[in-house]
Amino acid sequence: MSEILTKTDLQTLFKGCDALFGIEVSPNIPEATTITNACSKLVSVSQQIRQSVNNLGELSFSTFLLQSGATSFVSSVADTYTSIAAIAQELNTVTNANSGNLNTIFTVALTSMKAFTAVTIDERFAKWLILQNSTPDFSTILITLNEVIDFFQNTLQPGMLTFTSNRISQTTFYGTIPKQKVSTVAQKLTEMADYHETVVLPFINRLGSTFRLASDKLAMFLSNMDQAFQSVEGRMTSTYGRFIELSKNSRSAANEMQSSIQSSVQQFTRRMEEFNDLYVGGSATEYAKAATDMYNSYLTTLSEQTKVIETKLEQTRYTFSDNALASFGSALASGFRVMTQALLSTIQQATNRTRVSCSEQLFNNFINNFGNFVRNNFCECISGGEFDISTATNTQMTKVRDIQRDVAQYFNQLTSAVGGLSNSSPVSVRMQLDTFLTAFFSQSNNVTPTILQQLVNMATDLNVSYNLLVGRSRYCLTMDVAVAERLALNFSAAMAACMV
């Protein structure tokens, strides 16, 4: 019956009458009224049960056990009580029929009842019954319907076929159809209807509202976790971009004076090519080569260490992100694990309003506190004041600029020494230049390794600084995961206390 019947509709549909089971009996069989009233109540209660589950809307859970249980609860209860309402209507129709073929009048009702009783309660409800600590005795449905089937097949239908008229007396009816058997069936149907009204309907209402509560709390938790992840992801994205920017800035700083230094070297070597005199010209080729070799050693080491720095920044960039994601995942897993268990515990206690109310309050507190903690604290471990990722690179850039200035000044001494001298300059001046260049390149054997070592040390210091930064960040994240796990354990313990 798809439409919702009003009380007046039901009373009209199930009004008592003198006719029953295809004949007319006078005076009336009182058990017929009892059956009619029981069927009326069964239809009404079945409609309320179907409304209860159909009004729940979509239930969403993240575990197969809960999701399959919730989905089965809605579908199986609606289907079952649609069938029960239909059977009740068919029983009422047969009970109040004043005519019909006595060979077939019971066929529809019997077929529906047999089809219903062929499926066990476990087959219908198992997926959500296993989630409950206590449930109504649904077996009474099958027991009652099987008794009705037995009465119809073995007593009522054979007895009705013995009547020679479709109008008989009450005495004649009871003489063939024992009053006790009719009364027993009527009473069983009444008990079934009353049981559904007083026990099953309240149970379905409470379980449905608890499923709805559990689904809503899980949705709140996942929403809070999504917001927390968005915050962490935003910080990670910002930090990730900042590392890329630092890498570009570092390379730019390393090349700031490169053209100037290279120009000085090229200027010096060109000047050396101009000398062909006895004093400077005799060693000019060696001087030019020494300057070029010194420059190339510097440039090669600078390029290598710049690459080392870029690699370290890239490695740190990924490590920062990976550590944050892994830690966030661990915290989320802890929270999700206790949420899932708490949801199951709450659903299991659906019939206990005090425990469900207690768990609802705990859910609200945990979801808010856990979400706020994860969102705020995890962000601080990757971009807080103690985790400034720029400091080490800024220090390195200062060092590389200082080294470049030293190198530029060193090569500028060569170009300044040559100055405006030429082959036609006084001999004494050219002799003095030759002496200076000899001493300069002799000294460069000590200066060059020092400059190169400074470049290596610069990259090494940056590497150490970022290793320390990653270590502090990892420790911070580890501590936050520990706190998140403690929050989860405290929630679990409180929830367990709720259920006692």
# chains A, B, ... in the order shown; residues from 1 in each chain; ligands from 1

$ residues_around --residues "Ala408 (chain A)" --least-positions-apart "3" --cutoff "10 Å" --atoms "only C-alpha atoms" --output "PyMOL selection string"
chain A and resi 257-258+260-265+402-405+411-413

$ write_last_selection --atoms "N, CA, C and O atoms" --output "PDB file, in the first residue's frame"
ATOM      1  N   MET A 257      77.746  38.318  -9.112  1.00  0.00           N
ATOM      2  CA  MET A 257      78.958  38.988  -9.548  1.00  0.00           C
ATOM      3  C   MET A 257      79.723  38.174 -10.591  1.00  0.00           C
ATOM      4  O   MET A 257      80.883  38.480 -10.905  1.00  0.00           O
ATOM      5  N   GLN A 258      79.047  37.143 -11.107  1.00  0.00           N
ATOM      6  CA  GLN A 258      79.739  36.248 -12.014  1.00  0.00           C
ATOM      7  C   GLN A 258      80.230  36.958 -13.271  1.00  0.00           C
ATOM      8  O   GLN A 258      81.369  36.773 -13.720  1.00  0.00           O
ATOM      9  N   SER A 260      80.883  40.063 -13.669  1.00  0.00           N
ATOM     10  CA  SER A 260      81.947  41.029 -13.337  1.00  0.00           C
ATOM     11  C   SER A 260      83.283  40.317 -13.153  1.00  0.00           C
ATOM     12  O   SER A 260      84.326  40.770 -13.646  1.00  0.00           O
ATOM     13  N   ILE A 261      83.245  39.168 -12.436  1.00  0.00           N
ATOM     14  CA  ILE A 261      84.478  38.406 -12.212  1.00  0.00           C
ATOM     15  C   ILE A 261      85.010  37.859 -13.539  1.00  0.00           C
ATOM     16  O   ILE A 261      86.216  37.946 -13.837  1.00  0.00           O
ATOM     17  N   GLN A 262      84.111  37.304 -14.323  1.00  0.00           N
ATOM     18  CA  GLN A 262      84.524  36.767 -15.618  1.00  0.00           C
ATOM     19  C   GLN A 262      85.107  37.854 -16.507  1.00  0.00           C
ATOM     20  O   GLN A 262      86.114  37.634 -17.216  1.00  0.00           O
ATOM     21  N   SER A 263      84.524  39.020 -16.461  1.00  0.00           N
ATOM     22  CA  SER A 263      85.028  40.158 -17.258  1.00  0.00           C
ATOM     23  C   SER A 263      86.442  40.529 -16.840  1.00  0.00           C
ATOM     24  O   SER A 263      87.313  40.818 -17.684  1.00  0.00           O
ATOM     25  N   SER A 264      86.700  40.520 -15.529  1.00  0.00           N
ATOM     26  CA  SER A 264      88.041  40.862 -15.030  1.00  0.00           C
ATOM     27  C   SER A 264      89.072  39.854 -15.521  1.00  0.00           C
ATOM     28  O   SER A 264      90.185  40.226 -15.938  1.00  0.00           O
ATOM     29  N   VAL A 265      88.693  38.558 -15.472  1.00  0.00           N
ATOM     30  CA  VAL A 265      89.612  37.514 -15.922  1.00  0.00           C
ATOM     31  C   VAL A 265      89.880  37.664 -17.421  1.00  0.00           C
ATOM     32  O   VAL A 265      91.038  37.580 -17.885  1.00  0.00           O
ATOM     33  N   ASP A 402      79.803  37.244  -0.015  1.00  0.00           N
ATOM     34  CA  ASP A 402      81.104  37.631   0.565  1.00  0.00           C
ATOM     35  C   ASP A 402      82.251  36.967  -0.198  1.00  0.00           C
ATOM     36  O   ASP A 402      83.273  37.607  -0.489  1.00  0.00           O
ATOM     37  N   ILE A 403      82.074  35.685  -0.518  1.00  0.00           N
ATOM     38  CA  ILE A 403      83.112  34.967  -1.264  1.00  0.00           C
ATOM     39  C   ILE A 403      83.292  35.586  -2.648  1.00  0.00           C
ATOM     40  O   ILE A 403      84.430  35.772  -3.128  1.00  0.00           O
ATOM     41  N   GLN A 404      82.195  35.932  -3.296  1.00  0.00           N
ATOM     42  CA  GLN A 404      82.284  36.547  -4.625  1.00  0.00           C
ATOM     43  C   GLN A 404      83.009  37.894  -4.564  1.00  0.00           C
ATOM     44  O   GLN A 404      83.814  38.220  -5.456  1.00  0.00           O
ATOM     45  N   ARG A 405      82.724  38.654  -3.536  1.00  0.00           N
ATOM     46  CA  ARG A 405      83.410  39.944  -3.410  1.00  0.00           C
ATOM     47  C   ARG A 405      84.918  39.737  -3.235  1.00  0.00           C
ATOM     48  O   ARG A 405      85.730  40.479  -3.793  1.00  0.00           O
ATOM     49  N   PHE A 411      90.761  39.217  -8.365  1.00  0.00           N
ATOM     50  CA  PHE A 411      91.032  39.365  -9.797  1.00  0.00           C
ATOM     51  C   PHE A 411      91.172  40.827 -10.201  1.00  0.00           C
ATOM     52  O   PHE A 411      91.882  41.157 -11.161  1.00  0.00           O
ATOM     53  N   ASN A 412      90.483  41.712  -9.466  1.00  0.00           N
ATOM     54  CA  ASN A 412      90.634  43.140  -9.764  1.00  0.00           C
ATOM     55  C   ASN A 412      92.072  43.619  -9.510  1.00  0.00           C
ATOM     56  O   ASN A 412      92.545  44.567 -10.145  1.00  0.00           O
ATOM     57  N   GLN A 413      92.768  42.968  -8.587  1.00  0.00           N
ATOM     58  CA  GLN A 413      94.184  43.318  -8.337  1.00  0.00           C
ATOM     59  C   GLN A 413      95.010  43.091  -9.601  1.00  0.00           C
ATOM     60  O   GLN A 413      95.931  43.865  -9.898  1.00  0.00           O
TER      61      GLN A 413
END

$ closest_atom_pairs --of "region 280-347 of chain A" --to "region 437-451 of chain A" --cutoff "10 Å" --atoms "only C-alpha atoms" --output "Markdown table"
| residue | atom | partner | partner_atom | distance |
| --- | --- | --- | --- | --- |
| A:Val280 | CA | A:Leu437 | CA | 8.9 |
| A:Ser283 | CA | A:Thr438 | CA | 8.9 |
| A:Ala284 | CA | A:Leu437 | CA | 9.4 |
| A:Glu286 | CA | A:Phe441 | CA | 9.7 |
| A:Tyr287 | CA | A:Leu437 | CA | 7.2 |
| A:Ala290 | CA | A:Phe441 | CA | 6.9 |
| A:Ala291 | CA | A:Phe441 | CA | 7.9 |
| A:Asp293 | CA | A:Thr448 | CA | 10.0 |
| A:Met294 | CA | A:Thr448 | CA | 6.7 |
| A:Tyr295 | CA | A:Thr448 | CA | 9.0 |
| A:Ser297 | CA | A:Thr448 | CA | 8.0 |
| A:Tyr298 | CA | A:Ile451 | CA | 7.4 |
| A:Thr301 | CA | A:Ile451 | CA | 9.4 |
| A:Leu302 | CA | A:Ile451 | CA | 9.8 |

$ residues_around --residues "region 454-460 of chain A" --least-positions-apart "2" --cutoff "7 Å" --atoms "only C-alpha atoms" --output "CSV table (one decimal) with C-alpha atoms, in the first residue's frame"
chain,number,residue,atom,x,y,z
A,302,LEU,CA,80.7,27.3,-7.2
A,305,GLN,CA,78.1,23.6,-4.5
A,308,VAL,CA,74.4,20.7,-3.8
A,309,ILE,CA,72.4,23.5,-2.2
A,396,GLN,CA,74.2,30.9,2.7
A,399,LYS,CA,78.3,33.9,2.5
A,450,THR,CA,90.9,28.5,0.7
A,451,ILE,CA,88.3,30.0,-1.5
A,452,LEU,CA,87.2,26.6,-2.8
A,462,LEU,CA,73.4,24.9,4.9
A,463,ASN,CA,73.0,21.1,4.8
A,464,VAL,CA,73.5,20.8,8.5

$ residues_around --residues "Gln132 (chain A)" --least-positions-apart "6" --cutoff "12 Å" --atoms "only C-alpha atoms" --output "ChimeraX atom specification"
/A:66,69-70,73,125-126,203-204,206-207,210-211,344-352

$ select_by_dssp --residues "region 7-240 of chain A" --states "strand (DSSP E or B)" --output "list in words"
Ala19, Leu20, Ile23, Glu24, Val25, Ser26, Arg167, Ile168 and Ser169 of chain A

$ write_last_selection --atoms "N, CA and C atoms" --output "PDB file, in the first residue's frame"
ATOM      1  N   ALA A  19     -20.559 -10.836   7.795  1.00  0.00           N
ATOM      2  CA  ALA A  19     -19.982 -11.750   6.818  1.00  0.00           C
ATOM      3  C   ALA A  19     -18.549 -12.093   7.183  1.00  0.00           C
ATOM      4  N   LEU A  20     -18.153 -13.322   6.921  1.00  0.00           N
ATOM      5  CA  LEU A  20     -16.761 -13.702   7.137  1.00  0.00           C
ATOM      6  C   LEU A  20     -16.449 -14.952   6.346  1.00  0.00           C
ATOM      7  N   ILE A  23     -18.941 -16.422   3.717  1.00  0.00           N
ATOM      8  CA  ILE A  23     -20.343 -16.745   4.026  1.00  0.00           C
ATOM      9  C   ILE A  23     -20.858 -15.724   5.025  1.00  0.00           C
ATOM     10  N   GLU A  24     -22.170 -15.809   5.332  1.00  0.00           N
ATOM     11  CA  GLU A  24     -22.772 -14.939   6.328  1.00  0.00           C
ATOM     12  C   GLU A  24     -23.186 -15.777   7.525  1.00  0.00           C
ATOM     13  N   VAL A  25     -22.798 -15.268   8.718  1.00  0.00           N
ATOM     14  CA  VAL A  25     -23.074 -16.001   9.952  1.00  0.00           C
ATOM     15  C   VAL A  25     -23.917 -15.111  10.853  1.00  0.00           C
ATOM     16  N   SER A  26     -24.939 -15.670  11.442  1.00  0.00           N
ATOM     17  CA  SER A  26     -25.807 -14.908  12.333  1.00  0.00           C
ATOM     18  C   SER A  26     -26.088 -15.740  13.581  1.00  0.00           C
ATOM     19  N   ARG A 167     -25.340 -18.971   4.102  1.00  0.00           N
ATOM     20  CA  ARG A 167     -25.895 -18.322   5.291  1.00  0.00           C
ATOM     21  C   ARG A 167     -26.119 -19.389   6.345  1.00  0.00           C
ATOM     22  N   ILE A 168     -25.344 -19.248   7.432  1.00  0.00           N
ATOM     23  CA  ILE A 168     -25.437 -20.261   8.484  1.00  0.00           C
ATOM     24  C   ILE A 168     -25.534 -19.578   9.830  1.00  0.00           C
ATOM     25  N   SER A 169     -25.853 -20.378  10.833  1.00  0.00           N
ATOM     26  CA  SER A 169     -25.934 -19.842  12.194  1.00  0.00           C
ATOM     27  C   SER A 169     -24.562 -19.916  12.852  1.00  0.00           C
TER      28      SER A 169
END

$ residues_around --residues "region 358-361 of chain A" --least-positions-apart "2" --cutoff "9 Å" --atoms "only C-alpha atoms" --output "VMD selection string"
chain A and resid 213 to 214 217 342 to 343 345 to 346 353 to 356 363 to 366 494 to 495 498 to 499

$ write_last_selection --atoms "all heavy atoms" --output "compact mmCIF listing (two decimals), in the first residue's frame"
# COMPACT_ATOMS: atom_id res chain seq x y z
N LEU A 213 22.03 9.67 13.93
CA LEU A 213 22.99 10.37 14.79
C LEU A 213 24.41 9.94 14.45
O LEU A 213 25.30 10.80 14.27
CB LEU A 213 22.69 10.06 16.26
CG LEU A 213 23.75 10.48 17.28
CD1 LEU A 213 23.80 11.99 17.40
CD2 LEU A 213 23.49 9.85 18.64
N ALA A 214 24.63 8.64 14.35
CA ALA A 214 25.97 8.12 14.08
C ALA A 214 26.48 8.60 12.73
O ALA A 214 27.64 9.02 12.59
CB ALA A 214 25.97 6.60 14.14
N LYS A 217 27.42 12.28 12.98
CA LYS A 217 28.65 12.53 13.73
C LYS A 217 29.88 12.16 12.91
O LYS A 217 30.91 12.85 12.95
CB LYS A 217 28.65 11.75 15.05
CG LYS A 217 27.56 12.20 16.02
CD LYS A 217 27.55 13.70 16.23
CE LYS A 217 26.40 14.16 17.08
NZ LYS A 217 26.30 15.63 17.16
N ALA A 342 33.46 3.89 18.41
CA ALA A 342 32.44 4.60 19.19
C ALA A 342 31.09 4.59 18.48
O ALA A 342 30.04 4.48 19.12
CB ALA A 342 32.89 6.03 19.46
N LEU A 343 31.10 4.71 17.18
CA LEU A 343 29.86 4.66 16.41
C LEU A 343 29.19 3.30 16.57
O LEU A 343 27.97 3.21 16.77
CB LEU A 343 30.14 4.93 14.92
CG LEU A 343 30.60 6.34 14.56
CD1 LEU A 343 31.02 6.39 13.09
CD2 LEU A 343 29.51 7.36 14.82
N SER A 345 29.62 1.18 19.05
CA SER A 345 29.15 1.05 20.44
C SER A 345 27.84 1.80 20.65
O SER A 345 26.93 1.31 21.33
CB SER A 345 30.21 1.59 21.41
OG SER A 345 31.41 0.86 21.32
N THR A 346 27.74 2.98 20.05
CA THR A 346 26.52 3.78 20.19
C THR A 346 25.34 3.09 19.52
O THR A 346 24.23 3.04 20.08
CB THR A 346 26.73 5.17 19.58
OG1 THR A 346 27.82 5.83 20.24
CG2 THR A 346 25.47 6.03 19.71
N ARG A 353 18.53 5.23 25.93
CA ARG A 353 18.59 6.66 25.62
C ARG A 353 19.66 7.39 26.43
O ARG A 353 20.29 8.32 25.92
CB ARG A 353 17.22 7.30 25.89
CG ARG A 353 16.13 6.81 24.94
CD ARG A 353 14.79 7.45 25.26
NE ARG A 353 13.76 6.98 24.33
CZ ARG A 353 12.48 7.33 24.40
NH1 ARG A 353 12.10 8.17 25.35
NH2 ARG A 353 11.61 6.86 23.52
N THR A 354 19.85 6.97 27.66
CA THR A 354 20.86 7.63 28.51
C THR A 354 22.26 7.46 27.92
O THR A 354 23.04 8.41 27.84
CB THR A 354 20.82 7.05 29.93
OG1 THR A 354 19.53 7.26 30.49
CG2 THR A 354 21.88 7.71 30.81
N ARG A 355 22.57 6.25 27.47
CA ARG A 355 23.89 5.99 26.91
C ARG A 355 24.09 6.69 25.57
O ARG A 355 25.17 7.21 25.27
CB ARG A 355 24.10 4.48 26.77
CG ARG A 355 24.18 3.77 28.12
CD ARG A 355 24.24 2.26 27.97
NE ARG A 355 24.27 1.62 29.28
CZ ARG A 355 24.23 0.31 29.48
NH1 ARG A 355 24.15 -0.51 28.44
NH2 ARG A 355 24.26 -0.19 30.70
N VAL A 356 23.04 6.71 24.77
CA VAL A 356 23.15 7.40 23.47
C VAL A 356 23.35 8.90 23.69
O VAL A 356 24.15 9.54 22.99
CB VAL A 356 21.89 7.13 22.61
CG1 VAL A 356 21.90 8.01 21.36
CG2 VAL A 356 21.82 5.66 22.22
N PHE A 363 30.89 12.71 21.49
CA PHE A 363 31.18 12.91 20.07
C PHE A 363 31.43 14.38 19.77
O PHE A 363 32.41 14.74 19.11
CB PHE A 363 30.02 12.40 19.20
CG PHE A 363 30.06 10.93 18.89
CD1 PHE A 363 28.98 10.12 19.17
CD2 PHE A 363 31.18 10.36 18.31
CE1 PHE A 363 29.00 8.77 18.89
CE2 PHE A 363 31.22 9.00 18.02
CZ PHE A 363 30.12 8.21 18.31
N ASN A 364 30.52 15.22 20.24
CA ASN A 364 30.64 16.66 19.96
C ASN A 364 31.96 17.22 20.48
O ASN A 364 32.65 17.96 19.78
CB ASN A 364 29.47 17.41 20.57
CG ASN A 364 28.15 17.08 19.89
OD1 ASN A 364 28.13 16.67 18.73
ND2 ASN A 364 27.04 17.25 20.60
N ASN A 365 32.30 16.87 21.71
CA ASN A 365 33.54 17.39 22.31
C ASN A 365 34.77 16.87 21.56
O ASN A 365 35.70 17.64 21.26
CB ASN A 365 33.62 16.99 23.78
CG ASN A 365 32.57 17.69 24.63
OD1 ASN A 365 32.08 18.75 24.26
ND2 ASN A 365 32.22 17.10 25.75
N PHE A 366 34.79 15.59 21.28
CA PHE A 366 35.96 15.01 20.62
C PHE A 366 36.14 15.56 19.22
O PHE A 366 37.25 15.91 18.81
CB PHE A 366 35.82 13.48 20.57
CG PHE A 366 36.93 12.81 19.78
CD1 PHE A 366 38.22 12.76 20.28
CD2 PHE A 366 36.67 12.26 18.53
CE1 PHE A 366 39.24 12.16 19.55
CE2 PHE A 366 37.68 11.65 17.80
CZ PHE A 366 38.97 11.61 18.31
N ALA A 494 36.39 7.34 27.65
CA ALA A 494 35.17 8.01 28.10
C ALA A 494 33.94 7.35 27.48
O ALA A 494 32.91 7.20 28.13
CB ALA A 494 35.23 9.50 27.73
N MET A 495 34.06 6.97 26.22
CA MET A 495 32.94 6.33 25.55
C MET A 495 32.64 4.97 26.18
O MET A 495 31.47 4.60 26.36
CB MET A 495 33.26 6.15 24.05
CG MET A 495 32.10 5.62 23.23
SD MET A 495 30.66 6.70 23.18
CE MET A 495 31.28 8.03 22.16
N CYS A 498 30.73 5.48 29.21
CA CYS A 498 29.34 5.86 28.85
C CYS A 498 28.46 4.63 28.69
O CYS A 498 27.25 4.69 28.95
CB CYS A 498 29.35 6.63 27.53
SG CYS A 498 28.81 8.32 27.68
N MET A 499 29.05 3.57 28.20
CA MET A 499 28.26 2.40 27.83
C MET A 499 28.06 1.41 28.98
O MET A 499 27.48 0.35 28.78
CB MET A 499 28.95 1.68 26.65
CG MET A 499 29.05 2.55 25.40
SD MET A 499 27.43 3.11 24.87
CE MET A 499 27.87 4.51 23.84

$ residues_around --residues "region 154-158 of chain A" --least-positions-apart "6" --cutoff "9 Å" --atoms "only C-alpha atoms" --output "PDB file with N, CA and C atoms, in the first residue's frame"
ATOM      1  N   PHE A  21     -15.198 -14.981   5.867  1.00  0.00           N
ATOM      2  CA  PHE A  21     -14.662 -16.154   5.176  1.00  0.00           C
ATOM      3  C   PHE A  21     -15.567 -16.630   4.034  1.00  0.00           C
ATOM      4  N   LEU A 102     -15.146 -20.710  -2.283  1.00  0.00           N
ATOM      5  CA  LEU A 102     -14.469 -21.198  -1.085  1.00  0.00           C
ATOM      6  C   LEU A 102     -13.230 -22.025  -1.408  1.00  0.00           C
ATOM      7  N   ASN A 103     -13.098 -22.436  -2.650  1.00  0.00           N
ATOM      8  CA  ASN A 103     -11.901 -23.173  -3.045  1.00  0.00           C
ATOM      9  C   ASN A 103     -10.708 -22.247  -3.274  1.00  0.00           C
ATOM     10  N   ILE A 105     -10.824 -18.577  -2.206  1.00  0.00           N
ATOM     11  CA  ILE A 105     -10.904 -17.329  -1.457  1.00  0.00           C
ATOM     12  C   ILE A 105      -9.707 -17.112  -0.541  1.00  0.00           C
ATOM     13  N   PHE A 106      -9.083 -18.217  -0.108  1.00  0.00           N
ATOM     14  CA  PHE A 106      -7.934 -18.105   0.796  1.00  0.00           C
ATOM     15  C   PHE A 106      -6.595 -18.074   0.053  1.00  0.00           C
ATOM     16  N   THR A 176     -18.438 -26.694  13.247  1.00  0.00           N
ATOM     17  CA  THR A 176     -17.445 -27.188  12.263  1.00  0.00           C
ATOM     18  C   THR A 176     -16.077 -26.558  12.476  1.00  0.00           C
ATOM     19  N   ILE A 177     -16.102 -25.277  12.794  1.00  0.00           N
ATOM     20  CA  ILE A 177     -14.851 -24.531  13.041  1.00  0.00           C
ATOM     21  C   ILE A 177     -14.785 -24.249  14.532  1.00  0.00           C
ATOM     22  N   PRO A 178     -14.023 -25.018  15.294  1.00  0.00           N
ATOM     23  CA  PRO A 178     -14.020 -24.862  16.752  1.00  0.00           C
ATOM     24  C   PRO A 178     -13.719 -23.424  17.184  1.00  0.00           C
ATOM     25  N   LYS A 181     -10.147 -22.619  18.293  1.00  0.00           N
ATOM     26  CA  LYS A 181      -9.128 -22.422  17.258  1.00  0.00           C
ATOM     27  C   LYS A 181      -9.247 -21.037  16.627  1.00  0.00           C
ATOM     28  N   VAL A 182     -10.489 -20.622  16.391  1.00  0.00           N
ATOM     29  CA  VAL A 182     -10.682 -19.270  15.837  1.00  0.00           C
ATOM     30  C   VAL A 182     -10.183 -18.232  16.827  1.00  0.00           C
TER      31      VAL A 182
END

$ closest_residue --among "A:Ile149, A:Lys307, A:Tyr195, A:Ser134" --to "Ser247 (chain A)" --atoms "only C-alpha atoms"
A:Lys307

$ atom_distance --atom1 "CA of Leu414 (chain A)" --atom2 "CA of Ala253 (chain A)"
24.2 Å

$ closest_residue --among "A:Thr300, A:Asn205, A:Ser62, A:Thr172" --to "Val74 (chain A)" --atoms "only C-alpha atoms"
A:Asn205

$ closest_residue --among "A:Arg401, A:Arg317, A:Arg212, A:Arg486" --to "Asn467 (chain A)" --atoms "only C-alpha atoms"
A:Arg317

$ atom_distance --atom1 "CA of Asn98 (chain A)" --atom2 "CA of Ile29 (chain A)"
12.9 Å

$ residues_around --residues "Glu90 (chain A)" --least-positions-apart "6" --cutoff "9 Å" --atoms "only C-alpha atoms" --output "number ranges by chain"
A: 39, 108-109, 112

$ write_last_selection --atoms "N, CA and C atoms" --output "tab-separated table (two decimals), in the first residue's frame"
chain	number	residue	atom	x	y	z
A	39	CYS	N	-5.71	-6.66	12.40
A	39	CYS	CA	-5.20	-6.33	11.07
A	39	CYS	C	-5.11	-4.83	10.86
A	108	VAL	N	-4.95	-16.02	-2.12
A	108	VAL	CA	-4.09	-14.83	-2.10
A	108	VAL	C	-3.40	-14.67	-0.75
A	109	ALA	N	-4.18	-14.76	0.31
A	109	ALA	CA	-3.62	-14.60	1.66
A	109	ALA	C	-2.60	-15.69	1.96
A	112	SER	N	0.68	-15.16	-0.02
A	112	SER	CA	1.49	-14.06	0.55
A	112	SER	C	2.15	-14.48	1.85

$ closest_residue --among "A:Ser75, A:Val94, A:Asp277, A:Met192" --to "Thr107 (chain A)" --atoms "only C-alpha atoms"
A:Val94

$ atom_distance --atom1 "CA of Gln230 (chain A)" --atom2 "CA of Ser473 (chain A)"
19.2 Å
